[in-house]
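Student: The file below is protein.txt, compact mmCIF, C-alpha atoms and all ligand atoms:
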```
# COMPACT_ATOMS: atom_id res chain seq x y z
CA MET G 1 71.37 -8.43 -145.74
CA LYS G 2 73.67 -8.56 -148.78
CA LYS G 3 76.27 -11.26 -147.96
CA ILE G 4 79.18 -9.55 -149.62
CA ILE G 5 82.64 -11.09 -149.22
CA ALA G 6 85.71 -8.87 -149.46
CA PRO G 7 89.02 -10.76 -149.30
CA SER G 8 91.75 -8.65 -147.67
CA LEU G 9 94.99 -8.60 -149.65
CA LEU G 10 96.97 -7.96 -146.46
CA SER G 11 97.10 -11.71 -145.83
CA SER G 12 97.72 -12.72 -149.44
CA ASN G 13 101.03 -13.98 -150.74
CA LEU G 14 102.45 -10.73 -152.08
CA ALA G 15 105.23 -12.53 -153.94
CA PHE G 16 102.45 -13.94 -156.11
CA LEU G 17 100.09 -10.98 -156.03
CA TYR G 18 98.86 -11.33 -159.61
CA ARG G 19 97.98 -14.97 -158.96
CA GLU G 20 96.09 -13.97 -155.80
CA ILE G 21 94.19 -11.29 -157.73
CA GLU G 22 93.28 -13.79 -160.42
CA MET G 23 92.05 -16.16 -157.73
CA ILE G 24 89.73 -13.40 -156.46
CA ASN G 25 88.61 -12.55 -160.01
CA HIS G 26 87.55 -16.13 -160.60
CA SER G 27 85.97 -16.60 -157.18
CA GLU G 28 82.57 -15.68 -155.79
CA ALA G 29 84.11 -12.80 -153.84
CA ASP G 30 82.33 -9.51 -154.46
CA TRP G 31 84.97 -6.90 -153.65
CA VAL G 32 88.65 -6.71 -152.85
CA HIS G 33 89.69 -5.08 -149.58
CA VAL G 34 92.93 -3.07 -149.46
CA ASP G 35 94.35 -2.06 -146.06
CA ILE G 36 96.35 1.15 -146.00
CA MET G 37 98.54 1.70 -142.90
CA ASP G 38 101.06 4.44 -142.24
CA SER G 39 102.72 3.29 -138.96
CA SER G 40 101.18 6.21 -137.11
CA PHE G 41 97.51 5.42 -136.52
CA VAL G 42 98.44 1.72 -136.31
CA ASP G 43 101.79 0.05 -135.60
CA ASN G 44 102.31 -1.27 -139.06
CA ILE G 45 103.13 -0.14 -142.58
CA SER G 46 101.32 -1.84 -145.42
CA PHE G 47 100.44 -0.39 -148.80
CA GLY G 48 100.05 3.04 -150.38
CA SER G 49 98.02 4.43 -153.26
CA LEU G 50 100.50 3.15 -155.84
CA PHE G 51 99.81 -0.39 -154.71
CA ALA G 52 96.06 0.26 -154.89
CA LYS G 53 96.44 1.60 -158.43
CA PHE G 54 98.27 -1.56 -159.53
CA VAL G 55 95.68 -3.83 -157.94
CA LYS G 56 92.84 -1.92 -159.53
CA LYS G 57 94.31 -2.48 -162.98
CA TYR G 58 93.93 -6.23 -162.68
CA ILE G 59 91.01 -6.77 -160.35
CA HIS G 60 87.58 -6.95 -161.96
CA LYS G 61 85.66 -6.13 -158.77
CA PRO G 62 85.07 -3.01 -156.69
CA MET G 63 88.06 -1.94 -154.61
CA ASP G 64 87.24 -1.36 -150.95
CA VAL G 65 90.00 0.77 -149.44
CA HIS G 66 90.40 0.92 -145.66
CA LEU G 67 92.50 3.89 -144.58
CA MET G 68 94.17 3.28 -141.21
CA ILE G 69 95.90 6.65 -141.26
CA PHE G 70 95.58 9.92 -139.38
CA GLN G 71 94.08 12.89 -141.23
CA PRO G 72 92.74 10.78 -144.08
CA GLU G 73 91.36 13.94 -145.72
CA ARG G 74 94.89 14.52 -147.08
CA TYR G 75 94.65 11.44 -149.28
CA VAL G 76 91.12 11.45 -150.74
CA GLU G 77 92.27 12.69 -154.12
CA GLN G 78 95.17 10.26 -154.28
CA PHE G 79 93.01 7.24 -153.59
CA LYS G 80 90.33 8.47 -155.94
CA ASN G 81 93.04 8.56 -158.63
CA SER G 82 94.20 5.08 -157.71
CA GLY G 83 90.75 3.78 -158.64
CA ALA G 84 89.26 3.17 -155.20
CA ASP G 85 85.50 2.58 -155.29
CA HIS G 86 84.92 2.82 -151.55
CA LEU G 87 86.96 4.74 -149.02
CA HIS G 88 86.73 3.92 -145.32
CA ILE G 89 88.10 6.41 -142.82
CA HIS G 90 88.45 5.89 -139.08
CA TYR G 91 86.29 7.84 -136.65
CA GLU G 92 89.33 7.96 -134.32
CA ALA G 93 91.69 9.33 -136.96
CA CYS G 94 89.67 12.14 -138.44
CA MET G 95 89.11 15.49 -136.75
CA HIS G 96 86.54 16.82 -139.23
CA LEU G 97 84.64 13.66 -139.94
CA HIS G 98 81.54 15.26 -141.44
CA GLN G 99 83.60 17.44 -143.76
CA THR G 100 85.76 14.52 -144.88
CA ILE G 101 82.73 12.30 -145.53
CA PHE G 102 81.41 14.95 -147.89
CA ALA G 103 84.81 15.41 -149.56
CA ILE G 104 84.84 11.67 -150.32
CA LYS G 105 81.27 11.66 -151.58
CA GLY G 106 81.99 14.78 -153.61
CA SER G 107 84.80 12.97 -155.37
CA GLY G 108 82.33 10.30 -156.45
CA LEU G 109 83.36 7.49 -154.09
CA LYS G 110 81.26 5.60 -151.60
CA VAL G 111 82.22 6.32 -148.03
CA GLY G 112 82.48 4.20 -144.91
CA VAL G 113 83.32 5.12 -141.34
CA ALA G 114 85.32 2.54 -139.40
CA ILE G 115 85.27 2.27 -135.64
CA ASN G 116 87.78 0.52 -133.39
CA PRO G 117 86.65 -2.13 -130.90
CA HIS G 118 86.58 0.43 -128.06
CA THR G 119 84.58 3.07 -129.93
CA SER G 120 80.87 3.29 -129.26
CA VAL G 121 78.51 2.80 -132.19
CA PHE G 122 76.36 5.65 -130.85
CA LEU G 123 79.04 8.18 -131.80
CA LEU G 124 77.95 7.64 -135.41
CA LYS G 125 74.48 9.01 -134.75
CA ASP G 126 75.05 12.39 -136.40
CA ILE G 127 76.56 11.02 -139.59
CA ILE G 128 74.66 7.75 -140.01
CA ASN G 129 72.52 9.24 -142.79
CA ASP G 130 75.54 10.53 -144.68
CA ILE G 131 77.52 7.33 -145.10
CA ASP G 132 77.29 4.20 -147.23
CA PHE G 133 78.98 1.82 -144.79
CA VAL G 134 79.70 1.36 -141.11
CA LEU G 135 82.91 -0.66 -140.77
CA LEU G 136 82.99 -2.44 -137.43
CA MET G 137 86.51 -3.47 -136.48
CA SER G 138 86.34 -6.88 -134.83
CA VAL G 139 90.06 -6.78 -133.99
CA ASN G 140 92.33 -3.87 -133.12
CA PRO G 141 93.44 -2.58 -136.51
CA GLY G 142 96.97 -3.04 -137.76
CA PHE G 143 97.54 -6.72 -138.39
CA GLY G 144 95.93 -9.70 -140.04
CA GLY G 145 95.57 -13.02 -138.26
CA GLN G 146 94.18 -11.76 -134.95
CA ARG G 147 91.42 -13.30 -132.85
CA PHE G 148 87.85 -12.09 -133.43
CA LEU G 149 86.48 -10.02 -130.53
CA SER G 150 83.11 -11.41 -129.54
CA HIS G 151 81.61 -8.13 -128.32
CA THR G 152 81.29 -7.35 -132.03
CA TYR G 153 77.94 -9.19 -131.99
CA GLN G 154 76.63 -6.63 -129.49
CA LYS G 155 77.97 -3.79 -131.62
CA LEU G 156 76.33 -5.31 -134.68
CA GLU G 157 72.96 -5.22 -132.86
CA GLU G 158 73.54 -1.61 -131.83
CA THR G 159 74.50 -0.63 -135.39
CA LYS G 160 71.39 -2.26 -136.81
CA ASP G 161 69.24 -0.39 -134.27
CA LEU G 162 70.93 2.91 -135.06
CA ILE G 163 70.44 2.43 -138.80
CA LEU G 164 66.82 1.45 -138.33
CA LYS G 165 66.06 4.30 -135.95
CA HIS G 166 67.46 6.89 -138.35
CA ASN G 167 66.13 5.23 -141.47
CA SER G 168 69.67 5.11 -142.84
CA SER G 169 70.65 3.03 -145.85
CA ALA G 170 74.17 2.32 -144.55
CA LEU G 171 75.42 -1.24 -144.91
CA ILE G 172 77.30 -2.97 -142.10
CA GLU G 173 80.78 -4.33 -142.79
CA VAL G 174 82.78 -6.34 -140.26
CA ASP G 175 86.58 -6.63 -140.48
CA GLY G 176 89.07 -8.78 -138.58
CA GLY G 177 89.37 -12.37 -137.39
CA ILE G 178 86.57 -13.61 -139.64
CA ASN G 179 86.40 -17.39 -140.05
CA LEU G 180 83.65 -19.68 -141.35
CA GLU G 181 82.03 -20.04 -137.94
CA ASN G 182 81.70 -16.37 -137.01
CA ALA G 183 80.99 -15.42 -140.65
CA SER G 184 77.89 -17.57 -140.65
CA LEU G 185 76.72 -16.04 -137.35
CA LEU G 186 77.49 -12.48 -138.43
CA PHE G 187 75.51 -12.86 -141.65
CA LYS G 188 72.63 -14.42 -139.68
CA ASN G 189 72.73 -11.46 -137.33
CA GLY G 190 72.54 -8.85 -140.05
CA ALA G 191 76.07 -8.07 -141.26
CA ASP G 192 76.06 -7.17 -144.97
CA ILE G 193 79.77 -7.36 -145.78
CA LEU G 194 82.57 -9.45 -144.30
CA VAL G 195 86.27 -8.77 -144.79
CA SER G 196 88.46 -11.83 -144.43
CA GLY G 197 92.19 -12.28 -144.92
CA THR G 198 93.91 -15.13 -143.11
CA THR G 199 91.03 -17.61 -143.29
CA ILE G 200 90.82 -17.22 -147.06
CA PHE G 201 94.47 -16.95 -148.04
CA SER G 202 95.88 -19.57 -145.68
CA ASP G 203 93.62 -22.27 -147.08
CA GLU G 204 94.83 -24.47 -149.90
CA ASN G 205 91.52 -23.83 -151.67
CA PRO G 206 90.68 -20.16 -151.04
CA GLN G 207 87.86 -20.11 -153.58
CA ARG G 208 86.07 -22.87 -151.70
CA ILE G 209 86.37 -20.87 -148.45
CA ILE G 210 84.92 -17.79 -150.16
CA GLN G 211 82.04 -19.86 -151.51
CA LYS G 212 81.33 -21.45 -148.12
CA MET G 213 81.44 -18.06 -146.42
CA LYS G 214 78.94 -16.67 -148.88
CA LEU G 215 76.63 -19.62 -148.43
CA GLY G 216 76.80 -19.26 -144.65
CA TYR G 217 78.48 -22.64 -143.98
CA SER G 218 80.04 -22.68 -140.52
CA THR G 219 82.63 -25.40 -141.25
C1 LIG G 301 93.22 -5.33 -139.86
C2 LIG G 301 92.72 -5.17 -141.27
C3 LIG G 301 91.97 -6.31 -141.79
C4 LIG G 301 92.77 -7.58 -141.92
C5 LIG G 301 91.86 -8.75 -141.77
O1 LIG G 301 93.77 -4.15 -139.43
O2 LIG G 301 91.88 -4.03 -141.35
O3 LIG G 301 91.35 -6.00 -143.04
O4 LIG G 301 93.45 -7.67 -143.14
O5 LIG G 301 92.64 -9.88 -141.76
P1 LIG G 301 92.24 -11.18 -140.96
O6 LIG G 301 91.06 -11.77 -141.65
O7 LIG G 301 93.46 -12.02 -141.05
O8 LIG G 301 91.93 -10.76 -139.54
ZN ZN G 302 90.65 -3.70 -143.21
```
So that I can check it, write out the structure of this file as structure tokens.
Tutor:
Amino acid sequence: MKKIIAPSLLSSNLAFLYREIEMINHSEADWVHVDIMDSSFVDNISFGSLFAKFVKKYIHKPMDVHLMIFQPERYVEQFKNSGADHLHIHYEACMHLHQTIFAIKGSGLKVGVAINPHTSVFLLKDIINDIDFVLLMSVNPGFGGQRFLSHTYQKLEETKDLILKHNSSALIEVDGGINLENASLLFKNGADILVSGTTIFSDENPQRIIQKMKLGYST
């Protein structure tokens, strides 16, 4: 278990984006998570590759890009050029998943496959050895600030079993509704990476929250 923390910029104060980025740079956070939404796969519009390119210029940590868009294969090159280090695509949004995984790897990026709360972990069986990350959505994608869905713990168990059974080296990332309490439990139960937006950015001392999350403090 790695205990990687990836603050999600979706819940940051965008009017003061540079300040938020500097906060992350000087914190114990490991990566920065960028949520890309196109109003089609999810009911929201967030950022595009231009935003990611700007962020990458100033952030001194790997950029973890979560594509919540249909046919993500159309944008691999664009996000590669924006400086993404990891590209997550949704199982539900990608017709030729295997092909797209290899297109992403071929462009030199690490690849993750995200699954919605209703999607079974077992559907990843045939690609589990080809990916770097499984991204378990612990809320329905589209918005920050939602309540964590507790059946994620069960899915975490199933993902660990699948990885073990296939001798895969994929890491497990959990995204949505993460607070100190569930973060501590998720790390204890084998999650490697946690994405957190609202809990971090709504606190008056976000760096302290990041530190506590990393240390596994539940309050
Ligand atoms: C949800 C996004 C998440 C979101 C997490 O669709 O994928 O990354 O920003 O934000 P919180 O921590 O507020 O649930
Ligand atoms: Zn995300």
Student: Can you pull out every residue with an atom within 10 Å of ligand LIG 301 (chain G)? Use all atoms listed in the file and format it as a VMD selection string.
Tutor: chain G and resid 6 to 12 33 to 37 42 to 44 46 65 to 68 114 116 135 to 148 174 to 179 194 to 202
Student: Find the residue from G:Ala183, G:Leu50, G:Ile163, G:Ile193 that sits nearest to Asp64 (chain G); use all atoms listed in the file when measuring.
Tutor: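 Of G:Ala183, G:Leu50, G:Ile163, G:Ile193, the one nearest Asp64 (chain G), counting all atoms listed in the file, is G:Ile193.
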Student: Kindly indicate which residue among G:Asn205, G:Asn25, G:Ser184, G:Thr159 lies nearest to Pro62 (chain G), using only C-alpha atoms for the distances.
Tutor: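 Of G:Asn205, G:Asn25, G:Ser184, G:Thr159, the one nearest Pro62 (chain G) is G:Asn25, counting only C-alpha atoms.
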Student: Select, from G:Leu124, G:Ile89, G:Met23, G:Ala103, the residue with the minimum atom-to-atom distance to ligand ZN 302 (chain G), counting only C-alpha atoms and all ligand atoms.
Tutor: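 For ligand ZN 302 (chain G), the nearest of the given residues is G:Ile89.
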Student: Ranking G:Asp85, G:Asp126, G:Glu157, G:Asp132 by minimum distance to Leu109 (chain G) and counting all atoms listed in the file, which one comes first?
Tutor: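 Of G:Asp85, G:Asp126, G:Glu157, G:Asp132, the one nearest Leu109 (chain G) is G:Asp85, counting all atoms listed in the file.
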Student: For CA of Ala29 (chain G) and CA of Thr152 (chain G), quote the distance in Å rounded to one decimal.
Tutor: 22.7 Å
Student: What is the distance between CA of Leu156 (chain G) and CA of Ile128 (chain G), in Å to one decimal?
Tutor: 14.2 Å
Student: Between G:Leu185, G:Val32, G:Leu149, G:Ile127, which has the minimum distance to ligand ZN 302 (chain G) (counting all atoms listed in the file)?
Tutor: G:Val32
Student: I'd like to know which of G:Ile5, G:Ile45, G:Leu87, G:Ile115 is closest to Lys61 (chain G), using all atoms listed in the file.
Tutor: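 So, comparing all the options, the nearest one is G:Ile5.
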Student: Atoms are missing here; could region 47-65 of chain G be completed with N, CA and C atoms and written as a PDB file, in the coordinates of the input?
Tutor:
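What ended up in part31.pdb:
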```
ATOM      1  N   PHE G  47     100.418  -0.813-147.394  1.00  0.00           N
ATOM      2  CA  PHE G  47     100.440  -0.390-148.800  1.00  0.00           C
ATOM      3  C   PHE G  47     100.106   1.095-148.925  1.00  0.00           C
ATOM      4  N   GLY G  48     100.438   1.662-150.081  1.00  0.00           N
ATOM      5  CA  GLY G  48     100.050   3.040-150.380  1.00  0.00           C
ATOM      6  C   GLY G  48      99.169   3.087-151.616  1.00  0.00           C
ATOM      7  N   SER G  49      98.947   4.284-152.137  1.00  0.00           N
ATOM      8  CA  SER G  49      98.020   4.430-153.260  1.00  0.00           C
ATOM      9  C   SER G  49      98.573   3.831-154.551  1.00  0.00           C
ATOM     10  N   LEU G  50      99.888   3.738-154.651  1.00  0.00           N
ATOM     11  CA  LEU G  50     100.500   3.150-155.840  1.00  0.00           C
ATOM     12  C   LEU G  50     100.141   1.661-155.928  1.00  0.00           C
ATOM     13  N   PHE G  51     100.188   1.026-154.786  1.00  0.00           N
ATOM     14  CA  PHE G  51      99.810  -0.390-154.710  1.00  0.00           C
ATOM     15  C   PHE G  51      98.343  -0.545-155.133  1.00  0.00           C
ATOM     16  N   ALA G  52      97.492   0.331-154.573  1.00  0.00           N
ATOM     17  CA  ALA G  52      96.060   0.260-154.890  1.00  0.00           C
ATOM     18  C   ALA G  52      95.833   0.439-156.396  1.00  0.00           C
ATOM     19  N   LYS G  53      96.581   1.331-156.987  1.00  0.00           N
ATOM     20  CA  LYS G  53      96.440   1.600-158.430  1.00  0.00           C
ATOM     21  C   LYS G  53      96.805   0.366-159.251  1.00  0.00           C
ATOM     22  N   PHE G  54      97.851  -0.336-158.840  1.00  0.00           N
ATOM     23  CA  PHE G  54      98.270  -1.560-159.530  1.00  0.00           C
ATOM     24  C   PHE G  54      97.185  -2.627-159.423  1.00  0.00           C
ATOM     25  N   VAL G  55      96.710  -2.812-158.192  1.00  0.00           N
ATOM     26  CA  VAL G  55      95.680  -3.830-157.940  1.00  0.00           C
ATOM     27  C   VAL G  55      94.452  -3.561-158.796  1.00  0.00           C
ATOM     28  N   LYS G  56      94.058  -2.295-158.815  1.00  0.00           N
ATOM     29  CA  LYS G  56      92.840  -1.920-159.530  1.00  0.00           C
ATOM     30  C   LYS G  56      92.922  -2.232-161.031  1.00  0.00           C
ATOM     31  N   LYS G  57      94.127  -2.188-161.566  1.00  0.00           N
ATOM     32  CA  LYS G  57      94.310  -2.480-162.980  1.00  0.00           C
ATOM     33  C   LYS G  57      93.906  -3.906-163.325  1.00  0.00           C
ATOM     34  N   TYR G  58      94.116  -4.807-162.383  1.00  0.00           N
ATOM     35  CA  TYR G  58      93.930  -6.230-162.680  1.00  0.00           C
ATOM     36  C   TYR G  58      92.706  -6.853-162.052  1.00  0.00           C
ATOM     37  N   ILE G  59      92.172  -6.201-161.033  1.00  0.00           N
ATOM     38  CA  ILE G  59      91.010  -6.770-160.350  1.00  0.00           C
ATOM     39  C   ILE G  59      89.743  -6.361-161.106  1.00  0.00           C
ATOM     40  N   HIS G  60      88.806  -7.288-161.229  1.00  0.00           N
ATOM     41  CA  HIS G  60      87.580  -6.950-161.960  1.00  0.00           C
ATOM     42  C   HIS G  60      86.415  -6.722-161.003  1.00  0.00           C
ATOM     43  N   LYS G  61      86.715  -6.315-159.782  1.00  0.00           N
ATOM     44  CA  LYS G  61      85.660  -6.130-158.770  1.00  0.00           C
ATOM     45  C   LYS G  61      85.901  -4.812-158.051  1.00  0.00           C
ATOM     46  N   PRO G  62      84.874  -4.280-157.395  1.00  0.00           N
ATOM     47  CA  PRO G  62      85.070  -3.010-156.690  1.00  0.00           C
ATOM     48  C   PRO G  62      86.187  -3.084-155.647  1.00  0.00           C
ATOM     49  N   MET G  63      86.947  -1.993-155.564  1.00  0.00           N
ATOM     50  CA  MET G  63      88.060  -1.940-154.610  1.00  0.00           C
ATOM     51  C   MET G  63      87.631  -1.156-153.365  1.00  0.00           C
ATOM     52  N   ASP G  64      87.707  -1.857-152.255  1.00  0.00           N
ATOM     53  CA  ASP G  64      87.240  -1.360-150.950  1.00  0.00           C
ATOM     54  C   ASP G  64      88.497  -0.973-150.160  1.00  0.00           C
ATOM     55  N   VAL G  65      88.735   0.326-150.046  1.00  0.00           N
ATOM     56  CA  VAL G  65      90.000   0.770-149.440  1.00  0.00           C
ATOM     57  C   VAL G  65      89.765   1.235-147.999  1.00  0.00           C
TER      58      VAL G  65
END
```
